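Q: This is the content of query16.pdb (PDB, C-alpha atoms (C1' of nucleotides)):
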```pdb
MODEL        1
ATOM      1  CA  MET A   1      25.264 176.947 -34.978
ATOM      2  CA  ASN A   2      23.057 174.385 -36.720
ATOM      3  CA  VAL A   3      19.394 173.534 -36.845
ATOM      4  CA  ILE A   4      18.571 169.877 -36.444
ATOM      5  CA  GLN A   5      14.998 168.794 -37.130
ATOM      6  CA  TYR A   6      13.501 165.921 -35.171
ATOM      7  CA  ASP A   7       9.999 164.489 -35.023
ATOM      8  CA  GLY A   8       8.008 167.160 -33.166
ATOM      9  CA  TYR A   9      10.864 169.502 -32.278
ATOM     10  CA  ALA A  10      14.044 171.135 -33.514
ATOM     11  CA  ASP A  11      17.344 171.779 -31.791
ATOM     12  CA  ILE A  12      19.573 174.764 -32.419
ATOM     13  CA  ALA A  13      23.130 173.983 -31.394
ATOM     14  CA  PRO A  14      25.698 174.797 -30.398
ATOM     15  CA  ILE A  15      24.780 178.141 -28.840
ATOM     16  CA  THR A  16      26.735 180.114 -26.250
ATOM     17  CA  GLY A  17      25.902 182.895 -23.825
ATOM     18  CA  PHE A  18      22.179 182.240 -23.821
ATOM     19  CA  SER A  19      19.844 181.668 -20.885
ATOM     20  CA  LEU A  20      16.247 180.896 -21.778
ATOM     21  CA  ARG A  21      15.120 181.552 -18.211
ATOM     22  CA  LYS A  22      16.831 184.914 -17.842
ATOM     23  CA  THR A  23      15.758 186.058 -21.286
ATOM     24  CA  PHE A  24      12.097 185.481 -20.423
ATOM     25  CA  THR A  25      12.174 186.587 -16.788
ATOM     26  CA  CYS A  26      14.264 189.746 -17.100
ATOM     27  CA  GLY A  27      11.208 191.945 -17.678
ATOM     28  CA  GLN A  28      11.372 192.742 -21.392
ATOM     29  CA  CYS A  29       8.497 190.538 -22.488
ATOM     30  CA  PHE A  30       5.051 189.933 -21.012
ATOM     31  CA  ARG A  31       3.657 187.031 -23.041
ATOM     32  CA  PHE A  32       5.817 184.076 -22.007
ATOM     33  CA  ASP A  33       5.400 181.824 -18.989
ATOM     34  CA  GLU A  34       7.196 178.866 -17.507
ATOM     35  CA  GLU A  35       5.743 175.656 -18.919
ATOM     36  CA  GLY A  36       7.209 172.260 -18.158
ATOM     37  CA  ASP A  37      10.965 172.425 -18.480
ATOM     38  CA  GLY A  38      10.921 175.625 -20.538
ATOM     39  CA  TYR A  39       9.002 178.746 -21.490
ATOM     40  CA  SER A  40       6.051 179.117 -23.805
ATOM     41  CA  GLY A  41       4.016 181.941 -25.222
ATOM     42  CA  VAL A  42       2.971 183.722 -28.383
ATOM     43  CA  ALA A  43       5.033 185.811 -30.776
ATOM     44  CA  PHE A  44       4.316 186.729 -34.389
ATOM     45  CA  GLY A  45       0.858 185.249 -33.870
ATOM     46  CA  ARG A  46       2.316 181.810 -33.306
ATOM     47  CA  TYR A  47       2.372 179.698 -30.193
ATOM     48  CA  VAL A  48       5.857 178.438 -29.377
ATOM     49  CA  ARG A  49       7.447 176.455 -26.565
ATOM     50  CA  PHE A  50      11.170 176.608 -25.929
ATOM     51  CA  ALA A  51      13.419 174.526 -23.710
ATOM     52  CA  GLN A  52      17.134 174.493 -23.041
ATOM     53  CA  PRO A  53      18.001 170.838 -22.310
ATOM     54  CA  ALA A  54      21.695 171.736 -22.163
ATOM     55  CA  PRO A  55      23.456 175.112 -21.947
ATOM     56  CA  ASP A  56      24.416 174.905 -25.612
ATOM     57  CA  ILE A  57      21.085 173.658 -26.984
ATOM     58  CA  LEU A  58      17.873 175.572 -27.644
ATOM     59  CA  ARG A  59      14.899 173.319 -28.332
ATOM     60  CA  ILE A  60      11.769 174.477 -30.170
ATOM     61  CA  TYR A  61       8.659 172.347 -29.883
ATOM     62  CA  GLY A  62       5.659 171.866 -32.118
ATOM     63  CA  GLU A  63       4.577 173.631 -35.249
ATOM     64  CA  ALA A  64       6.985 176.505 -34.575
ATOM     65  CA  ALA A  65       9.955 174.150 -34.918
ATOM     66  CA  SER A  66       9.588 174.273 -38.697
ATOM     67  CA  ASP A  67      10.670 177.919 -38.739
ATOM     68  CA  ALA A  68      13.848 177.947 -36.676
ATOM     69  CA  ASP A  69      15.302 180.975 -38.475
ATOM     70  CA  LEU A  70      12.450 183.156 -37.233
ATOM     71  CA  TRP A  71      13.127 182.174 -33.614
ATOM     72  CA  ILE A  72      16.887 182.565 -33.984
ATOM     73  CA  LYS A  73      16.260 186.184 -34.892
ATOM     74  CA  TYR A  74      13.565 186.667 -32.244
ATOM     75  CA  LEU A  75      15.905 185.383 -29.549
ATOM     76  CA  ALA A  76      18.884 187.295 -30.988
ATOM     77  CA  LEU A  77      20.926 184.112 -31.202
ATOM     78  CA  ASP A  78      22.610 185.627 -34.259
ATOM     79  CA  VAL A  79      24.062 188.473 -32.174
ATOM     80  CA  ASP A  80      27.574 188.414 -30.687
ATOM     81  CA  TYR A  81      26.820 189.074 -27.037
ATOM     82  CA  GLU A  82      30.364 188.319 -25.969
ATOM     83  CA  ALA A  83      31.546 191.401 -27.810
ATOM     84  CA  ILE A  84      28.632 193.482 -26.522
ATOM     85  CA  ARG A  85      29.286 192.495 -22.917
ATOM     86  CA  LEU A  86      32.956 193.351 -23.323
ATOM     87  CA  ASP A  87      32.042 196.774 -24.702
ATOM     88  CA  ILE A  88      29.684 197.420 -21.801
ATOM     89  CA  ALA A  89      32.215 196.255 -19.202
ATOM     90  CA  ARG A  90      34.923 198.514 -20.633
ATOM     91  CA  ARG A  91      32.668 201.523 -21.012
ATOM     92  CA  PHE A  92      31.150 201.414 -17.528
ATOM     93  CA  ASP A  93      34.267 200.029 -15.838
ATOM     94  CA  CYS A  94      32.687 199.730 -12.391
ATOM     95  CA  GLU A  95      31.878 197.063  -9.850
ATOM     96  CA  ILE A  96      28.102 197.288 -10.085
ATOM     97  CA  MET A  97      28.115 196.727 -13.833
ATOM     98  CA  ASP A  98      30.542 193.829 -13.457
ATOM     99  CA  ARG A  99      28.141 192.268 -10.964
ATOM    100  CA  ALA A 100      25.099 192.982 -13.158
ATOM    101  CA  LEU A 101      26.848 191.510 -16.202
ATOM    102  CA  GLU A 102      27.674 188.339 -14.309
ATOM    103  CA  TYR A 103      24.221 188.025 -12.788
ATOM    104  CA  GLY A 104      22.465 188.636 -16.112
ATOM    105  CA  GLU A 105      24.767 186.536 -18.284
ATOM    106  CA  GLY A 106      22.621 184.854 -20.916
ATOM    107  CA  ILE A 107      20.038 187.612 -21.269
ATOM    108  CA  ARG A 108      19.238 188.424 -24.893
ATOM    109  CA  ILE A 109      17.238 191.452 -25.942
ATOM    110  CA  LEU A 110      14.380 189.941 -27.931
ATOM    111  CA  ARG A 111      13.432 191.340 -31.319
ATOM    112  CA  GLN A 112       9.778 191.882 -30.564
ATOM    113  CA  GLN A 113       7.098 193.361 -32.787
ATOM    114  CA  PRO A 114       6.749 197.157 -32.621
ATOM    115  CA  TRP A 115       3.020 197.453 -31.989
ATOM    116  CA  GLU A 116       2.963 194.814 -29.274
ATOM    117  CA  VAL A 117       5.835 196.547 -27.487
ATOM    118  CA  ILE A 118       4.315 200.018 -27.826
ATOM    119  CA  CYS A 119       0.970 198.870 -26.455
ATOM    120  CA  SER A 120       2.498 196.702 -23.733
ATOM    121  CA  PHE A 121       4.644 199.512 -22.377
ATOM    122  CA  ILE A 122       1.729 201.936 -22.416
ATOM    123  CA  ILE A 123       0.052 199.395 -20.149
ATOM    124  CA  SER A 124       3.200 199.136 -18.019
ATOM    125  CA  GLN A 125       2.990 202.685 -16.686
ATOM    126  CA  ASN A 126       2.376 202.908 -12.939
ATOM    127  CA  ASN A 127       1.779 199.157 -12.974
ATOM    128  CA  ASN A 128       3.537 195.966 -11.915
ATOM    129  CA  ILE A 129       4.760 193.180 -14.159
ATOM    130  CA  GLY A 130       2.302 190.591 -12.871
ATOM    131  CA  ARG A 131      -0.686 192.749 -13.613
ATOM    132  CA  ILE A 132       0.754 193.951 -16.911
ATOM    133  CA  LYS A 133       0.872 190.313 -18.010
ATOM    134  CA  LYS A 134      -2.715 189.726 -16.886
ATOM    135  CA  ILE A 135      -4.005 192.741 -18.784
ATOM    136  CA  ILE A 136      -2.164 191.766 -21.957
ATOM    137  CA  ALA A 137      -3.496 188.216 -21.653
ATOM    138  CA  ALA A 138      -7.034 189.597 -21.293
ATOM    139  CA  LEU A 139      -6.653 191.840 -24.345
ATOM    140  CA  SER A 140      -5.268 188.989 -26.417
ATOM    141  CA  ARG A 141      -7.932 186.509 -25.331
ATOM    142  CA  ALA A 142     -10.702 188.980 -26.123
ATOM    143  CA  LEU A 143      -9.397 190.409 -29.393
ATOM    144  CA  GLY A 144      -6.462 188.432 -30.740
ATOM    145  CA  GLU A 145      -6.701 185.961 -33.585
ATOM    146  CA  PRO A 146      -6.178 182.340 -32.542
ATOM    147  CA  ALA A 147      -2.457 181.638 -32.468
ATOM    148  CA  ALA A 148      -1.038 179.174 -34.951
ATOM    149  CA  GLY A 149      -0.048 175.983 -33.188
ATOM    150  CA  SER A 150      -2.420 176.238 -30.230
ATOM    151  CA  ASP A 151      -6.147 176.184 -29.566
ATOM    152  CA  ARG A 152      -5.937 178.147 -26.324
ATOM    153  CA  HIS A 153      -3.536 180.963 -27.164
ATOM    154  CA  HIS A 154      -4.147 184.161 -29.081
ATOM    155  CA  ALA A 155      -2.101 186.676 -31.002
ATOM    156  CA  PHE A 156      -1.649 190.178 -29.657
ATOM    157  CA  PRO A 157      -4.577 192.343 -30.814
ATOM    158  CA  THR A 158      -4.051 194.497 -33.876
ATOM    159  CA  PRO A 159      -4.402 198.285 -33.623
ATOM    160  CA  GLU A 160      -7.549 197.961 -35.762
ATOM    161  CA  ALA A 161      -9.181 195.528 -33.337
ATOM    162  CA  LEU A 162      -8.473 197.796 -30.370
ATOM    163  CA  PHE A 163      -9.644 200.861 -32.269
ATOM    164  CA  LYS A 164     -12.938 199.136 -33.105
ATOM    165  CA  LEU A 165     -13.429 198.104 -29.488
ATOM    166  CA  GLY A 166     -13.279 201.725 -28.318
ATOM    167  CA  THR A 167     -12.047 203.287 -25.096
ATOM    168  CA  GLU A 168     -14.880 201.869 -22.978
ATOM    169  CA  GLY A 169     -14.306 198.339 -24.225
ATOM    170  CA  ILE A 170     -10.579 198.630 -23.613
ATOM    171  CA  PHE A 171     -11.295 199.946 -20.117
ATOM    172  CA  ALA A 172     -13.612 197.019 -19.428
ATOM    173  CA  LEU A 173     -10.705 194.626 -19.991
ATOM    174  CA  GLY A 174      -8.961 195.987 -16.905
ATOM    175  CA  THR A 175      -6.611 198.557 -18.425
ATOM    176  CA  GLY A 176      -7.706 201.306 -16.047
ATOM    177  CA  PHE A 177      -6.784 204.910 -16.816
ATOM    178  CA  ARG A 178      -4.565 203.653 -19.656
ATOM    179  CA  ALA A 179      -7.564 202.758 -21.814
ATOM    180  CA  LYS A 180      -7.665 206.191 -23.455
ATOM    181  CA  TYR A 181      -3.935 205.986 -24.175
ATOM    182  CA  ILE A 182      -4.208 202.575 -25.824
ATOM    183  CA  TYR A 183      -7.125 203.854 -27.853
ATOM    184  CA  ASP A 184      -5.198 206.934 -28.980
ATOM    185  CA  ALA A 185      -2.254 204.805 -30.109
ATOM    186  CA  ALA A 186      -4.522 202.328 -31.908
ATOM    187  CA  ASN A 187      -6.440 205.170 -33.518
ATOM    188  CA  ARG A 188      -3.345 206.970 -34.821
ATOM    189  CA  ILE A 189      -1.931 203.791 -36.321
ATOM    190  CA  THR A 190      -5.248 202.705 -37.831
ATOM    191  CA  GLU A 191      -5.759 206.151 -39.346
ATOM    192  CA  GLY A 192      -2.235 206.154 -40.742
ATOM    193  CA  ILE A 193      -1.194 209.222 -38.753
ATOM    194  CA  ILE A 194       1.573 207.017 -37.440
ATOM    195  CA  ASP A 195       3.166 204.539 -39.833
ATOM    196  CA  LEU A 196       5.213 201.952 -37.966
ATOM    197  CA  ASN A 197       7.049 200.832 -41.092
ATOM    198  CA  ALA A 198       8.042 204.409 -41.851
ATOM    199  CA  LEU A 199       9.110 204.924 -38.241
ATOM    200  CA  ALA A 200      11.388 201.904 -38.449
ATOM    201  CA  ALA A 201      13.367 203.728 -41.139
ATOM    202  CA  GLN A 202      13.786 206.919 -39.094
ATOM    203  CA  ASP A 203      16.756 207.761 -36.910
ATOM    204  CA  THR A 204      16.349 207.042 -33.220
ATOM    205  CA  ARG A 205      15.746 210.623 -32.089
ATOM    206  CA  THR A 206      12.981 211.081 -34.645
ATOM    207  CA  LEU A 207      11.508 207.700 -33.758
ATOM    208  CA  ILE A 208      11.252 208.590 -30.078
ATOM    209  CA  LYS A 209       9.919 212.067 -30.820
ATOM    210  CA  GLU A 210       7.183 210.615 -33.060
ATOM    211  CA  LEU A 211       6.224 207.969 -30.519
ATOM    212  CA  CYS A 212       5.877 210.692 -27.892
ATOM    213  CA  THR A 213       3.106 212.340 -29.948
ATOM    214  CA  VAL A 214       0.788 209.583 -28.725
ATOM    215  CA  LYS A 215      -1.110 210.402 -25.547
ATOM    216  CA  GLY A 216       0.262 208.253 -22.780
ATOM    217  CA  ILE A 217       3.660 207.747 -24.382
ATOM    218  CA  GLY A 218       6.411 209.703 -22.686
ATOM    219  CA  LEU A 219      10.168 209.326 -22.815
ATOM    220  CA  LYS A 220      10.251 206.088 -20.829
ATOM    221  CA  VAL A 221       7.621 204.220 -22.854
ATOM    222  CA  ALA A 222       9.036 205.538 -26.142
ATOM    223  CA  SER A 223      12.504 204.415 -25.081
ATOM    224  CA  CYS A 224      11.304 200.915 -24.253
ATOM    225  CA  ALA A 225       9.488 200.741 -27.591
ATOM    226  CA  ALA A 226      12.628 201.886 -29.413
ATOM    227  CA  LEU A 227      14.828 199.376 -27.585
ATOM    228  CA  PHE A 228      12.585 196.307 -27.525
ATOM    229  CA  GLY A 229      10.461 196.878 -30.618
ATOM    230  CA  PHE A 230      12.746 198.711 -33.032
ATOM    231  CA  GLY A 231      16.126 197.215 -32.136
ATOM    232  CA  ARG A 232      17.612 200.505 -30.957
ATOM    233  CA  THR A 233      20.128 199.082 -28.512
ATOM    234  CA  GLU A 234      21.658 202.507 -27.861
ATOM    235  CA  VAL A 235      18.543 203.713 -26.007
ATOM    236  CA  PHE A 236      18.663 203.597 -22.203
ATOM    237  CA  PRO A 237      15.178 203.602 -20.636
ATOM    238  CA  VAL A 238      15.037 204.848 -17.051
ATOM    239  CA  ASP A 239      12.249 203.377 -14.939
ATOM    240  CA  VAL A 240      11.875 203.215 -11.155
ATOM    241  CA  TRP A 241      14.263 200.253 -10.837
ATOM    242  CA  VAL A 242      16.987 201.744 -13.017
ATOM    243  CA  ARG A 243      16.471 205.061 -11.209
ATOM    244  CA  ARG A 244      17.054 203.206  -7.953
ATOM    245  CA  SER A 245      20.201 201.605  -9.363
ATOM    246  CA  ILE A 246      21.513 204.981 -10.533
ATOM    247  CA  ASP A 247      20.783 206.497  -7.133
ATOM    248  CA  ARG A 248      22.460 203.683  -5.246
ATOM    249  CA  HIS A 249      25.465 203.040  -7.459
ATOM    250  CA  PHE A 250      26.116 206.075  -9.650
ATOM    251  CA  GLY A 251      25.672 208.906  -7.175
ATOM    252  CA  GLY A 252      22.252 209.673  -8.609
ATOM    253  CA  LYS A 253      23.721 210.881 -11.888
ATOM    254  CA  LEU A 254      24.310 209.041 -15.150
ATOM    255  CA  ASP A 255      24.574 210.635 -18.595
ATOM    256  CA  ILE A 256      22.350 208.216 -20.493
ATOM    257  CA  ASP A 257      23.199 209.783 -23.851
ATOM    258  CA  SER A 258      26.856 208.767 -23.797
ATOM    259  CA  LEU A 259      26.740 205.104 -22.895
ATOM    260  CA  GLY A 260      27.526 203.679 -26.306
ATOM    261  CA  GLU A 261      25.658 201.672 -28.888
ATOM    262  CA  TYR A 262      24.668 198.975 -26.379
ATOM    263  CA  ALA A 263      23.421 201.266 -23.622
ATOM    264  CA  GLY A 264      19.993 199.653 -23.686
ATOM    265  CA  ILE A 265      21.441 196.205 -23.125
ATOM    266  CA  ALA A 266      23.491 197.556 -20.224
ATOM    267  CA  GLN A 267      20.267 199.032 -18.881
ATOM    268  CA  GLN A 268      18.639 195.591 -18.984
ATOM    269  CA  TYR A 269      21.454 194.075 -16.930
ATOM    270  CA  LEU A 270      21.074 196.845 -14.349
ATOM    271  CA  PHE A 271      17.282 196.532 -14.327
ATOM    272  CA  TYR A 272      17.352 192.763 -13.862
ATOM    273  CA  TYR A 273      20.017 192.916 -11.174
ATOM    274  CA  GLU A 274      18.273 195.674  -9.226
ATOM    275  CA  ARG A 275      14.839 194.074  -9.460
ATOM    276  CA  GLU A 276      16.062 190.632  -8.392
ATOM    277  CA  ASN A 277      18.572 191.732  -5.749
ATOM    278  CA  GLY A 278      17.307 195.219  -4.897
ATOM    279  CA  GLY A 279      18.341 196.463  -1.485
ATOM    280  CA  ARG A 280      20.780 193.676  -0.753
ATOM    281  CA  THR A 281      23.796 195.214  -2.417
TER     282      THR A 281
ATOM    283  C1'  DC B   1      -5.363 200.395   5.547
ATOM    284  C1'  DA B   2      -1.583 202.716   3.584
ATOM    285  C1'  DC B   3       1.790 202.061  -0.069
ATOM    286  C1'  DC B   4       3.674 200.426  -4.455
ATOM    287  C1'  DA B   5       3.886 199.119  -9.434
ATOM    288  C1'  DG B   6       9.151 199.117 -16.091
ATOM    289  C1'  DG B   7       4.865 206.902 -15.983
ATOM    290  C1'  DT B   8       2.371 210.503 -17.942
ATOM    291  C1'  DG B   9      -0.576 214.665 -18.625
ATOM    292  C1'  DG B  10      -1.950 218.720 -16.841
ATOM    293  C1'  DA B  11      -2.258 222.285 -13.540
ATOM    294  C1'  DA B  12       0.068 225.202 -10.364
ATOM    295  C1'  DC B  13       3.911 227.732  -8.998
TER     296       DC B  13
ATOM    297  C1'  DG C   1      11.469 226.064 -16.393
ATOM    298  C1'  DT C   2      10.388 222.708 -12.283
ATOM    299  C1'  DT C   3       7.133 220.466  -8.963
ATOM    300  C1'  DC C   4       2.997 218.222  -7.557
ATOM    301  C1'  DC C   5      -0.723 215.157  -8.122
ATOM    302  C1'  DA C   6      -4.520 212.231 -10.010
ATOM    303  C1'  DC C   7      -5.008 208.158 -12.300
ATOM    304  C1'  DA C   8      -7.663 202.173 -11.985
ATOM    305  C1'  DT C   9      -6.511 198.194 -10.044
ATOM    306  C1'  DG C  10      -4.608 194.354  -7.484
ATOM    307  C1'  DG C  11      -1.106 192.798  -4.505
ATOM    308  C1'  DT C  12       1.541 193.182   0.089
TER     309       DT C  12
ENDMDL
END
```
What is this structure when it is put down as structure tokens?
A:
Amino acid sequence: MNVIQYDGYADIAPITGFSLRKTFTCGQCFRFDEEGDGYSGVAFGRYVRFAQPAPDILRIYGEAASDADLWIKYLALDVDYEAIRLDIARRFDCEIMDRALEYGEGIRILRQQPWEVICSFIISQNNNIGRIKKIIAALSRALGEPAAGSDRHHAFPTPEALFKLGTEGIFALGTGFRAKYIYDAANRITEGIIDLNALAAQDTRTLIKELCTVKGIGLKVASCAALFGFGRTEVFPVDVWVRRSIDRHFGGKLDIDSLGEYAGIAQQYLFYYERENGGRT
DNA sequence: CACCAGGTGGAAC
DNA sequence: GTTCCACATGGT
């Protein structure tokens, strides 16, 4: 895998087992949208536009192209998904997972920033993905610093900015009953009651337990934060879609604590398959 | 106009 | 310990 710099973009090639579309439409990330022949959005406070002109080429446009290593890590292009998928297939050893693996081939679990994931999944509760994206866009537009590389995109708001805005201000941006939860999380981090860097060094059980001390963070939100924001691939979040999949394909019972070190990735295949094909199979 | 959305806190058994 | 229900809002 090499990085080749051109005038105005960079190509990373050759890559295998990566689908730009599936990675950004599988429901793990709320800040990227289809733009032209690819997907664009903001991560790490920087605007970036990706395209995949051939299955084995990832293209990065604009200012972001100068930092290919950052995006390789963000997109998990340095991770051996072939081995992970084999582990999942062997461990589950069932038709539904085989179908989900095939359907979701190319999904990568992004390495997103902890605070953005925590806040985003607080917003996700009792909500749909379309509106989650709108709320996050509104928060970012109102409070986020201008994103590097774009004059119309903004970084995700810091905990400090949300704390200063207050519950009423957060409510006014369309967050609904979740405003007080977002405020509590922002407050605890701003005050240093919760230290995200320290949490990143804790074991997964402690991490989830600590996250659950925030009002509005329960097991599901904490699990998503651990998986998407802290790289804990062994965590298996159960939401309504995964619940549905378990009910329909696993007799309503699945021991989520013994699904191996890539349980969370398996969960994403099931989630994506159920949400896209739900009811049909 | 009901019902649902990547749930959770709190009250009532 | 489990079970029920409100919660803001926008989309079918």
Q: Once the PyMOL selection byres ((chain A) within 10 of (chain B)) has been applied to the shown file, what residues remain in the selection, as a PyMOL selection string?
A: chain A and resi 27-28+121-132+178+181+215-221+224+237-242+271
Q: Mind checking which residues fall within 10 Å of DA8 of chain C, counting only C-alpha atoms (C1' of nucleotides), ignoring those fewer than 4 positions away in the same chain, and posting them as an mmCIF file with C-alpha atoms, keeping the file's coordinate frame?
A:
```cif
data_model
loop_
_atom_site.group_PDB
_atom_site.id
_atom_site.type_symbol
_atom_site.label_atom_id
_atom_site.label_comp_id
_atom_site.auth_asym_id
_atom_site.auth_seq_id
_atom_site.Cartn_x
_atom_site.Cartn_y
_atom_site.Cartn_z
ATOM 1 C CA ASN A 127 1.779 199.157 -12.974
ATOM 2 C CA PHE A 171 -11.295 199.946 -20.117
ATOM 3 C CA GLY A 174 -8.961 195.987 -16.905
ATOM 4 C CA THR A 175 -6.611 198.557 -18.425
ATOM 5 C CA GLY A 176 -7.706 201.306 -16.047
ATOM 6 C CA PHE A 177 -6.784 204.910 -16.816
ATOM 7 C CA ARG A 178 -4.565 203.653 -19.656
ATOM 8 C CA ALA A 179 -7.564 202.758 -21.814
#
```
Q: Any idea what the distance is between atom CA of Ile135 of chain A and atom CA of Leu75 of chain A?
A: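 Separating atom CA of Ile135 of chain A from atom CA of Leu75 of chain A is a distance of 23.8 Å.
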Q: Could you list, as a JSON list (two decimals) with C-alpha atoms, in the coordinates of the input, every residue within 12 Å of Asp184 of chain A, counting only C-alpha atoms (C1' of nucleotides) and ignoring same-chain residues fewer than 3 positions away?
A:
```json
[["chain", "number", "residue", "atom", "x", "y", "z"],
["A", 118, "ILE", "CA", 4.32, 200.02, -27.83],
["A", 119, "CYS", "CA", 0.97, 198.87, -26.46],
["A", 122, "ILE", "CA", 1.73, 201.94, -22.42],
["A", 159, "PRO", "CA", -4.40, 198.28, -33.62],
["A", 160, "GLU", "CA", -7.55, 197.96, -35.76],
["A", 162, "LEU", "CA", -8.47, 197.80, -30.37],
["A", 163, "PHE", "CA", -9.64, 200.86, -32.27],
["A", 164, "LYS", "CA", -12.94, 199.14, -33.10],
["A", 166, "GLY", "CA", -13.28, 201.72, -28.32],
["A", 167, "THR", "CA", -12.05, 203.29, -25.10],
["A", 170, "ILE", "CA", -10.58, 198.63, -23.61],
["A", 178, "ARG", "CA", -4.57, 203.65, -19.66],
["A", 179, "ALA", "CA", -7.56, 202.76, -21.81],
["A", 180, "LYS", "CA", -7.66, 206.19, -23.46],
["A", 181, "TYR", "CA", -3.94, 205.99, -24.18],
["A", 187, "ASN", "CA", -6.44, 205.17, -33.52],
["A", 188, "ARG", "CA", -3.34, 206.97, -34.82],
["A", 189, "ILE", "CA", -1.93, 203.79, -36.32],
["A", 190, "THR", "CA", -5.25, 202.70, -37.83],
["A", 191, "GLU", "CA", -5.76, 206.15, -39.35],
["A", 193, "ILE", "CA", -1.19, 209.22, -38.75],
["A", 194, "ILE", "CA", 1.57, 207.02, -37.44],
["A", 211, "LEU", "CA", 6.22, 207.97, -30.52],
["A", 212, "CYS", "CA", 5.88, 210.69, -27.89],
["A", 213, "THR", "CA", 3.11, 212.34, -29.95],
["A", 214, "VAL", "CA", 0.79, 209.58, -28.72],
["A", 215, "LYS", "CA", -1.11, 210.40, -25.55],
["A", 216, "GLY", "CA", 0.26, 208.25, -22.78],
["A", 217, "ILE", "CA", 3.66, 207.75, -24.38]]
```
Q: Between atom CA of Phe230 of chain A and atom CA of Met97 of chain A, what is the spacing in Å?
A: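 Straight-line distance from atom CA of Met97 of chain A to atom CA of Phe230 of chain A works out to 24.7 Å.
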Q: Counting only C-alpha atoms (C1' of nucleotides), give me one row per residue of chain C with an atom at most 10 Å from an atom of chain A, showing the shortest contact pair and its distance in Å to one decimal, sorted by chain then residue number, as a Markdown table.
A:
```
| residue | atom | partner | partner_atom | distance |
| --- | --- | --- | --- | --- |
| C:DC7 | C1' | A:Phe177 | CA | 5.8 |
| C:DA8 | C1' | A:Gly176 | CA | 4.2 |
| C:DT9 | C1' | A:Gly176 | CA | 6.9 |
| C:DG10 | C1' | A:Arg131 | CA | 7.5 |
| C:DG11 | C1' | A:Arg131 | CA | 9.1 |
```
Q: What is the atom CA of Asp255 of chain A to atom CA of Glu102 of chain A distance in Å?
A: 22.9 Å
Q: Using only C-alpha atoms (C1' of nucleotides), which residues sit within 10 Å of Gly45 of chain A once same-chain residues fewer than 3 positions away are excluded, as a ChimeraX atom specification?
A: /A:41-42,48,144-149,153-157
Q: Go through A:Lys253, A:Glu116, A:Gly231, A:Gly62 one by one, measure the shortest atom-to-atom distance of each to Ala185 of chain A using all atoms listed in the file, and give the residue with the smallest value.
A: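 Ranking A:Lys253, A:Glu116, A:Gly231, A:Gly62 by distance to Ala185 of chain A, first place goes to A:Glu116.
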Q: Here is a test: counting all atoms listed in the file, which residue of A:Arg275, A:Arg21, A:Arg111, A:Arg99 is nearest to Ala76 of chain A?
A: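 Comparing A:Arg275, A:Arg21, A:Arg111, A:Arg99 against Ala76 of chain A, the winner is A:Arg111.
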Q: Out of A:Thr25, A:Thr204, A:Ser245, A:Ser120, which residue has the shortest atom-to-atom distance to Arg280 of chain A when counting only C-alpha atoms?
A: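 Under the stated criterion, the closest residue is A:Ser245.
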Q: Neighbours of Tyr74 of chain A within 10 Å (all atoms listed in the file; same-chain residues fewer than 6 positions away dropped), as a ChimeraX atom specification?
A: /A:43-44,68,108-113
